[in-house]
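Text of the file query.cif, holding mmCIF, C-alpha atoms and all ligand atoms:
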data_target
loop_
_atom_site.label_atom_id
_atom_site.label_comp_id
_atom_site.auth_asym_id
_atom_site.auth_seq_id
_atom_site.Cartn_x
_atom_site.Cartn_y
_atom_site.Cartn_z
CA MET A 1 -6.62 -23.51 146.22
CA GLY A 2 -3.40 -23.33 144.25
CA ASN A 3 -4.82 -24.61 140.97
CA GLU A 4 -2.69 -22.15 139.04
CA ARG A 5 0.46 -23.58 140.60
CA GLU A 6 2.21 -26.85 139.90
CA ILE A 7 0.95 -29.68 142.03
CA ILE A 8 3.47 -32.31 142.98
CA GLY A 9 2.32 -35.77 144.07
CA GLN A 10 4.06 -38.97 145.05
CA ARG A 11 7.36 -40.01 143.54
CA ASN A 12 6.62 -41.67 140.20
CA ASP A 13 9.84 -43.18 138.84
CA PRO A 14 9.03 -46.37 136.89
CA ASP A 15 12.58 -47.64 137.43
CA LEU A 16 12.52 -47.21 141.20
CA PRO A 17 10.30 -49.65 143.13
CA ARG A 18 8.39 -48.42 146.17
CA TYR A 19 10.79 -50.22 148.51
CA ALA A 20 13.84 -48.43 147.08
CA GLY A 21 15.19 -44.93 147.46
CA LEU A 22 14.96 -42.54 150.39
CA ALA A 23 11.78 -42.73 152.43
CA THR A 24 9.79 -39.57 152.71
CA PHE A 25 6.29 -40.07 154.09
CA ALA A 26 4.26 -41.88 151.40
CA LEU A 27 7.07 -41.10 148.92
CA LEU A 28 5.82 -37.50 148.87
CA PRO A 29 8.05 -34.58 147.89
CA ARG A 30 10.07 -32.81 150.55
CA LEU A 31 8.89 -29.34 151.50
CA GLU A 32 12.09 -27.76 150.21
CA ASP A 33 11.54 -29.38 146.81
CA ALA A 34 7.84 -28.57 146.51
CA GLY A 35 8.38 -25.01 147.72
CA ARG A 36 4.90 -24.79 149.23
CA ALA A 37 2.41 -26.93 151.10
CA ASP A 38 -1.21 -27.21 152.09
CA ILE A 39 -0.52 -30.13 154.41
CA ALA A 40 2.91 -31.05 155.81
CA VAL A 41 3.93 -34.28 157.49
CA LEU A 42 6.35 -33.28 160.25
CA GLY A 43 8.49 -35.72 162.23
CA ILE A 44 9.19 -34.98 165.88
CA PRO A 45 11.89 -37.38 167.10
CA PHE A 46 11.51 -36.65 170.82
CA ASP A 47 10.81 -39.02 173.70
CA SER A 48 12.28 -37.39 176.81
CA GLY A 49 8.79 -36.96 178.25
CA THR A 50 8.05 -40.67 178.36
CA SER A 51 7.30 -42.33 181.72
CA PHE A 52 7.91 -46.03 180.94
CA ARG A 53 9.45 -47.68 177.87
CA PRO A 54 11.52 -45.14 175.88
CA GLY A 55 12.15 -45.18 172.13
CA ALA A 56 9.49 -43.04 170.44
CA ARG A 57 12.27 -40.72 169.24
CA PHE A 58 12.74 -43.30 166.49
CA GLY A 59 9.05 -43.17 165.55
CA PRO A 60 9.16 -40.74 162.61
CA SER A 61 11.74 -42.67 160.56
CA HIS A 62 9.99 -45.98 161.32
CA ILE A 63 6.60 -44.63 160.23
CA ARG A 64 8.11 -43.22 157.03
CA GLU A 65 9.64 -46.61 156.18
CA HIS A 66 6.25 -48.25 156.62
CA SER A 67 4.43 -45.62 154.56
CA ARG A 68 5.96 -46.71 151.22
CA GLN A 69 2.88 -48.72 150.30
CA LEU A 70 0.45 -45.81 150.65
CA HIS A 71 -1.10 -45.35 147.20
CA PRO A 72 -2.57 -42.21 145.67
CA TYR A 73 -6.25 -43.25 145.64
CA HIS A 74 -8.31 -43.73 148.81
CA GLN A 75 -11.01 -46.19 147.76
CA LEU A 76 -13.43 -45.70 150.68
CA HIS A 77 -13.39 -41.91 150.43
CA ASP A 78 -13.16 -41.93 146.61
CA ALA A 79 -10.41 -39.33 146.99
CA TYR A 80 -6.91 -38.56 145.79
CA PRO A 81 -5.43 -36.92 148.89
CA PHE A 82 -2.06 -36.16 147.27
CA ARG A 83 -3.54 -34.74 144.05
CA ASP A 84 -6.04 -32.16 145.19
CA LEU A 85 -3.74 -30.57 147.77
CA GLN A 86 0.00 -30.10 147.97
CA VAL A 87 1.06 -32.58 150.63
CA VAL A 88 4.74 -32.68 151.55
CA ASP A 89 7.17 -34.22 154.00
CA ALA A 90 8.65 -31.34 156.01
CA GLY A 91 11.32 -33.55 157.57
CA ASP A 92 12.01 -33.65 161.29
CA VAL A 93 12.07 -30.91 163.91
CA GLY A 94 15.67 -30.42 165.06
CA VAL A 95 15.14 -31.17 168.71
CA GLY A 96 17.56 -32.54 171.31
CA PRO A 97 16.86 -35.03 174.10
CA TYR A 98 18.10 -33.30 177.28
CA ASP A 99 15.97 -30.23 178.05
CA VAL A 100 12.22 -30.89 177.86
CA PRO A 101 10.93 -27.29 178.21
CA ARG A 102 13.45 -26.12 175.62
CA ALA A 103 12.43 -28.92 173.28
CA VAL A 104 8.78 -27.95 173.64
CA ASP A 105 9.68 -24.37 172.70
CA VAL A 106 11.65 -25.55 169.65
CA ILE A 107 8.74 -27.73 168.47
CA GLU A 108 6.26 -24.89 168.98
CA ALA A 109 8.42 -22.46 166.99
CA ARG A 110 8.70 -24.88 164.04
CA ALA A 111 4.98 -25.62 164.12
CA ARG A 112 4.05 -21.94 164.35
CA ALA A 113 6.22 -21.11 161.33
CA LEU A 114 4.35 -23.69 159.25
CA VAL A 115 0.91 -22.72 160.56
CA GLU A 116 1.60 -19.03 159.87
CA ASP A 117 2.31 -20.03 156.26
CA GLY A 118 -1.17 -21.57 156.09
CA VAL A 119 0.12 -25.15 156.37
CA ARG A 120 -1.82 -27.79 158.28
CA ILE A 121 0.43 -30.25 160.12
CA VAL A 122 0.23 -34.04 160.36
CA ALA A 123 2.83 -34.67 163.06
CA LEU A 124 4.58 -38.00 163.60
CA GLY A 125 5.86 -38.43 167.16
CA GLY A 126 7.65 -38.72 169.35
CA ASP A 127 5.99 -39.21 172.70
CA HIS A 128 2.72 -37.48 173.59
CA THR A 129 4.52 -34.46 175.09
CA VAL A 130 4.75 -33.11 171.54
CA ALA A 131 0.98 -32.55 171.40
CA LEU A 132 1.27 -29.54 173.73
CA PRO A 133 3.43 -27.35 171.45
CA LEU A 134 1.45 -28.52 168.40
CA ILE A 135 -1.84 -27.52 170.05
CA ARG A 136 -0.30 -24.19 171.08
CA ALA A 137 0.59 -23.48 167.45
CA ALA A 138 -2.83 -24.55 166.11
CA ALA A 139 -4.73 -22.60 168.78
CA ALA A 140 -2.68 -19.47 168.06
CA ALA A 141 -4.18 -19.50 164.57
CA HIS A 142 -7.68 -20.85 165.23
CA GLY A 143 -8.56 -20.08 168.86
CA PRO A 144 -9.61 -22.68 171.43
CA LEU A 145 -9.80 -26.10 169.78
CA ALA A 146 -12.13 -29.07 170.01
CA VAL A 147 -9.57 -31.76 170.81
CA LEU A 148 -10.37 -35.32 169.73
CA HIS A 149 -7.96 -37.59 171.57
CA PHE A 150 -7.56 -41.32 170.89
CA ASP A 151 -5.56 -42.98 173.67
CA ALA A 152 -5.62 -45.76 176.26
CA HIS A 153 -4.71 -43.03 178.77
CA LEU A 154 -6.25 -39.74 179.87
CA ASP A 155 -3.06 -37.64 179.54
CA THR A 156 -4.65 -34.98 181.75
CA TRP A 157 -2.42 -35.76 184.73
CA ASP A 158 -0.51 -33.05 186.57
CA VAL A 159 3.02 -33.52 187.95
CA LEU A 160 5.24 -36.63 187.72
CA HIS A 161 8.75 -36.80 189.19
CA GLY A 162 8.63 -33.03 189.63
CA ALA A 163 7.87 -32.33 185.97
CA THR A 164 4.78 -30.46 184.78
CA ILE A 165 5.50 -31.19 181.11
CA TRP A 166 5.68 -34.92 180.29
CA HIS A 167 3.77 -37.32 178.08
CA GLY A 168 0.93 -37.76 180.57
CA SER A 169 0.10 -34.06 180.95
CA PRO A 170 -0.23 -32.36 177.53
CA PHE A 171 -4.02 -31.92 177.64
CA ARG A 172 -4.07 -30.67 181.24
CA ARG A 173 -1.52 -28.01 180.33
CA ALA A 174 -3.40 -27.15 177.12
CA ALA A 175 -6.65 -26.76 179.10
CA GLU A 176 -4.95 -24.53 181.68
CA GLU A 177 -3.52 -22.38 178.89
CA GLY A 178 -6.95 -21.84 177.35
CA LEU A 179 -6.04 -23.68 174.15
CA MET A 180 -9.02 -26.06 174.24
CA ASP A 181 -12.76 -25.46 174.15
CA LEU A 182 -13.70 -27.26 177.37
CA GLU A 183 -17.25 -28.00 176.19
CA HIS A 184 -16.10 -29.80 173.05
CA CYS A 185 -13.24 -32.21 173.78
CA GLN A 186 -13.49 -35.99 173.56
CA HIS A 187 -11.36 -39.00 174.53
CA VAL A 188 -11.77 -42.30 172.67
CA GLY A 189 -10.36 -45.69 173.74
CA ILE A 190 -9.65 -45.01 177.43
CA ARG A 191 -8.77 -48.00 179.64
CA GLY A 192 -6.22 -49.01 182.28
CA GLY A 193 -3.63 -46.97 184.11
CA VAL A 194 -5.58 -45.14 186.84
CA TYR A 195 -4.49 -44.68 190.47
CA ASP A 196 -7.71 -43.15 191.77
CA PRO A 197 -11.14 -42.24 190.38
CA SER A 198 -10.54 -38.58 191.25
CA GLU A 199 -8.41 -38.54 188.09
CA PHE A 200 -11.68 -38.61 186.14
CA ASP A 201 -12.88 -35.48 187.97
CA ASP A 202 -9.69 -33.69 186.94
CA ASP A 203 -10.19 -34.99 183.43
CA ARG A 204 -13.74 -33.59 183.23
CA ARG A 205 -12.43 -30.22 184.39
CA ALA A 206 -9.90 -30.40 181.56
CA GLY A 207 -12.83 -30.50 179.15
CA PHE A 208 -13.15 -34.15 178.14
CA ALA A 209 -16.02 -36.56 177.64
CA ILE A 210 -15.03 -40.23 177.37
CA VAL A 211 -15.75 -43.16 175.07
CA ARG A 212 -14.04 -46.13 176.72
CA SER A 213 -12.41 -48.98 174.85
CA HIS A 214 -14.96 -51.60 175.97
CA GLU A 215 -17.82 -49.56 174.51
CA PHE A 216 -16.65 -50.71 171.07
CA ILE A 217 -18.00 -54.20 171.80
CA GLU A 218 -21.31 -52.89 173.17
CA ARG A 219 -22.16 -50.03 170.77
CA SER A 220 -22.20 -49.56 167.03
CA ILE A 221 -19.52 -47.49 165.31
CA ALA A 222 -22.27 -45.22 163.95
CA ASP A 223 -23.49 -44.53 167.49
CA ILE A 224 -19.97 -43.73 168.71
CA VAL A 225 -19.31 -41.51 165.69
CA GLN A 226 -22.53 -39.59 166.32
CA GLN A 227 -21.57 -39.01 169.96
CA ILE A 228 -18.15 -37.73 168.89
CA ARG A 229 -19.58 -35.41 166.23
CA ASP A 230 -22.17 -34.03 168.67
CA ARG A 231 -19.45 -33.37 171.24
CA LEU A 232 -17.02 -31.69 168.82
CA GLY A 233 -19.70 -29.40 167.41
CA ASP A 234 -18.49 -26.97 164.78
CA ARG A 235 -15.27 -25.86 166.46
CA PRO A 236 -11.90 -26.24 164.69
CA VAL A 237 -10.77 -29.78 165.53
CA TYR A 238 -7.35 -31.02 166.58
CA VAL A 239 -6.99 -34.83 166.41
CA SER A 240 -4.33 -36.48 168.57
CA ILE A 241 -3.82 -40.24 168.20
CA ASP A 242 -1.68 -42.14 170.67
CA ILE A 243 -0.98 -45.44 168.90
CA ASP A 244 -1.55 -47.18 172.24
CA VAL A 245 -5.28 -46.64 171.70
CA LEU A 246 -4.91 -49.79 169.60
CA ASP A 247 -4.72 -53.18 171.28
CA PRO A 248 -1.11 -54.40 171.64
CA ALA A 249 -2.02 -57.06 169.07
CA PHE A 250 -2.35 -54.25 166.51
CA ALA A 251 0.34 -51.92 167.90
CA PRO A 252 2.83 -53.63 170.21
CA ALA A 253 5.56 -51.02 169.70
CA THR A 254 4.62 -48.31 172.14
CA GLY A 255 5.82 -46.97 175.46
CA THR A 256 2.89 -47.83 177.72
CA PRO A 257 0.88 -50.67 176.14
CA GLU A 258 -2.53 -51.54 177.62
CA VAL A 259 -4.47 -54.72 176.81
CA ALA A 260 -8.09 -54.83 175.58
CA GLY A 261 -7.79 -51.98 173.15
CA ILE A 262 -9.60 -51.27 169.90
CA SER A 263 -8.56 -52.67 166.53
CA THR A 264 -7.05 -50.78 163.61
CA SER A 265 -10.31 -51.38 161.70
CA GLN A 266 -12.38 -49.88 164.52
CA LEU A 267 -10.12 -46.82 164.68
CA PHE A 268 -10.34 -46.30 160.91
CA ALA A 269 -14.12 -46.78 160.92
CA VAL A 270 -14.46 -43.98 163.47
CA LEU A 271 -12.06 -41.74 161.55
CA ARG A 272 -13.95 -42.29 158.28
CA GLY A 273 -17.12 -41.23 160.09
CA LEU A 274 -15.58 -37.83 160.76
CA ARG A 275 -15.49 -36.75 157.12
CA GLY A 276 -16.26 -33.06 156.69
CA LEU A 277 -15.01 -31.89 160.08
CA PRO A 278 -12.70 -28.85 160.10
CA ILE A 279 -9.47 -30.57 161.18
CA VAL A 280 -6.77 -27.92 161.60
CA GLY A 281 -3.97 -30.18 162.84
CA CYS A 282 -3.26 -33.70 164.02
CA ASP A 283 -0.64 -36.05 165.34
CA VAL A 284 0.16 -39.77 165.56
CA VAL A 285 2.43 -40.39 168.54
CA GLU A 286 4.05 -42.97 170.82
CA VAL A 287 5.42 -45.34 168.15
CA ALA A 288 8.55 -46.90 169.71
CA PRO A 289 10.03 -49.11 166.96
CA ALA A 290 12.37 -51.20 169.13
CA TYR A 291 9.31 -53.12 170.37
CA ASP A 292 7.81 -53.65 166.92
CA HIS A 293 7.36 -56.99 165.14
CA ALA A 294 7.29 -57.20 161.34
CA GLY A 295 6.37 -53.52 161.16
CA ILE A 296 2.87 -54.03 162.60
CA THR A 297 2.93 -50.76 164.53
CA GLY A 298 4.75 -48.83 161.84
CA LEU A 299 2.14 -49.86 159.29
CA ALA A 300 -0.73 -49.00 161.63
CA ALA A 301 0.76 -45.56 162.30
CA ALA A 302 1.53 -44.82 158.64
CA HIS A 303 -1.99 -45.71 157.57
CA THR A 304 -3.48 -43.77 160.50
CA ALA A 305 -1.59 -40.67 159.35
CA TRP A 306 -2.87 -41.28 155.80
CA GLU A 307 -6.46 -41.52 157.06
CA LEU A 308 -6.00 -38.23 158.90
CA LEU A 309 -4.47 -36.31 156.02
CA THR A 310 -7.16 -37.63 153.69
CA LEU A 311 -9.82 -36.37 156.11
CA MET A 312 -8.08 -33.00 156.28
CA GLY A 313 -8.17 -32.76 152.50
CA LEU A 314 -11.89 -33.54 152.43
CA GLY A 315 -12.90 -31.13 155.20
CA PRO A 316 -13.39 -27.35 155.14
CA ARG A 317 -10.18 -25.31 155.20
MN MN A 401 -1.31 -43.68 175.93
MN MN A 402 -0.85 -40.50 175.25
#
As structure tokens, how would this structure be written, given the file I've shared?
Amino acid sequence: MGNEREIIGQRNDPDLPRYAGLATFALLPRLEDAGRADIAVLGIPFDSGTSFRPGARFGPSHIREHSRQLHPYHQLHDAYPFRDLQVVDAGDVGVGPYDVPRAVDVIEARARALVEDGVRIVALGGDHTVALPLIRAAAAAHGPLAVLHFDAHLDTWDVLHGATIWHGSPFRRAAEEGLMDLEHCQHVGIRGGVYDPSEFDDDRRAGFAIVRSHEFIERSIADIVQQIRDRLGDRPVYVSIDIDVLDPAFAPATGTPEVAGISTSQLFAVLRGLRGLPIVGCDVVEVAPAYDHAGITGLAAAHTAWELLTLMGLGPR
């Protein structure tokens, strides 16, 4: 697509080192400069839905800063994700911190405008609340989605402190709204944080099968990948990655850390096994930079987003 039009890749100024200049994601052009996009990285600096440690509103800028070392060639996929498609940084959604339902509407409107232009979104959160408006926008274009959700937590809970929309409920709301194909959704990395086993009954009703974190020491990656692919089927896929799916050793800077998580290498091995799937949108959420050390979490999130956009470029459109 778009071969007749100018393709714009990463910034390539021999006098300006990678660590200098303004940080767009992966030093990619801004949407307003490129004028068009196949894939857009979209920051969503919003964390008013968080239940524990706040700070994910600063996630997008932190992830951008730690994306400067992303290079044009992906050696394991033998792919140039920024060459074959127009990938841009669409900046941040202009969203305030006080009114959660209003914020969700603002995020949905921005996402819908991009999706209606044929753009696939790689969103940088923000807390996990932002997945609901992103899934609404993707489902409006593609119908009910097979949601692949990496997280320590189920995020299919109902009401907390009187709120129906918060960072622990996006997939319950999405299921209720008919945005997900309830036969084809999958959690990966679940552990910790459960009051009562009935929460798993609710979770099944919301359409999810589960691969728990501990299964990664008992099963092969190939086996887990096959289970995921079988579950997702051939539906359009939405991938949502809560950075807390990673062990706090690999991603300490997050709002609700849980020990005994998977490693960055295990996450990437699963993602690379998903090549060819029709991914219509994705997000990387819950990066709260105030708790980071030496950019560990920012780097993990930036590279996770790069893995996702590379997969999007390699899959059917
Ligand atoms: Mn989580
Ligand atoms: Mn989450």
Inset, instruction - Let me have all residues with an atom within 9 Å of ligand MN 401 (chain A), counting only C-alpha atoms and all ligand atoms, laid out as a PyMOL selection string. - result: chain A and resi 128+150-155+167-168+190+241-245+254-258+285-286
Legend entry - From A:Gly281, A:Gly233, A:Gly207, A:Gly192, residue lying nearest Val259 in chain A [all atoms listed in the file]: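 Among the listed residues, the smallest separation from Val259 in chain A belongs to A:Gly192.
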Considering all atoms listed in the file, give me a table of residues in range 118-191 of chain A that are at most 10 Å from range 293-311 of chain A, with the closest atom pair and distance in Å for each, as JSON lines.
{"residue": "A:Arg120", "atom": "CA", "partner": "A:Leu309", "partner_atom": "CA", "distance": 9.2}
{"residue": "A:Ile121", "atom": "CA", "partner": "A:Leu309", "partner_atom": "CA", "distance": 8.8}
{"residue": "A:Val122", "atom": "CA", "partner": "A:Leu309", "partner_atom": "CA", "distance": 6.8}
{"residue": "A:Ala123", "atom": "CA", "partner": "A:Ala305", "partner_atom": "CA", "distance": 8.3}
{"residue": "A:Leu124", "atom": "CA", "partner": "A:Ala305", "partner_atom": "CA", "distance": 8.0}
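Shortest separation to ligand MN 402 (chain A) among A:His149, A:Arg235, A:Arg317, A:Arg212 occurs at residue A:His149, atoms counted being only C-alpha atoms and all ligand atoms.
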Legend entry - All residues 9 Å or closer to Tyr238 in chain A, all atoms listed in the file, same chain fewer than 5 positions away omitted, as number ranges by chain: A: 135, 138, 145-149, 278-283
File dump, residues just selected, C-alpha atoms, as a PDB file, in the coordinates of the input:
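Saved result, part-v7.pdb, follows:
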ATOM      1  CA  ILE A 135      -1.840 -27.520 170.050  1.00  0.00           C
ATOM      2  CA  ALA A 138      -2.830 -24.550 166.110  1.00  0.00           C
ATOM      3  CA  LEU A 145      -9.800 -26.100 169.780  1.00  0.00           C
ATOM      4  CA  ALA A 146     -12.130 -29.070 170.010  1.00  0.00           C
ATOM      5  CA  VAL A 147      -9.570 -31.760 170.810  1.00  0.00           C
ATOM      6  CA  LEU A 148     -10.370 -35.320 169.730  1.00  0.00           C
ATOM      7  CA  HIS A 149      -7.960 -37.590 171.570  1.00  0.00           C
ATOM      8  CA  PRO A 278     -12.700 -28.850 160.100  1.00  0.00           C
ATOM      9  CA  ILE A 279      -9.470 -30.570 161.180  1.00  0.00           C
ATOM     10  CA  VAL A 280      -6.770 -27.920 161.600  1.00  0.00           C
ATOM     11  CA  GLY A 281      -3.970 -30.180 162.840  1.00  0.00           C
ATOM     12  CA  CYS A 282      -3.260 -33.700 164.020  1.00  0.00           C
ATOM     13  CA  ASP A 283      -0.640 -36.050 165.340  1.00  0.00           C
TER      14      ASP A 283
END
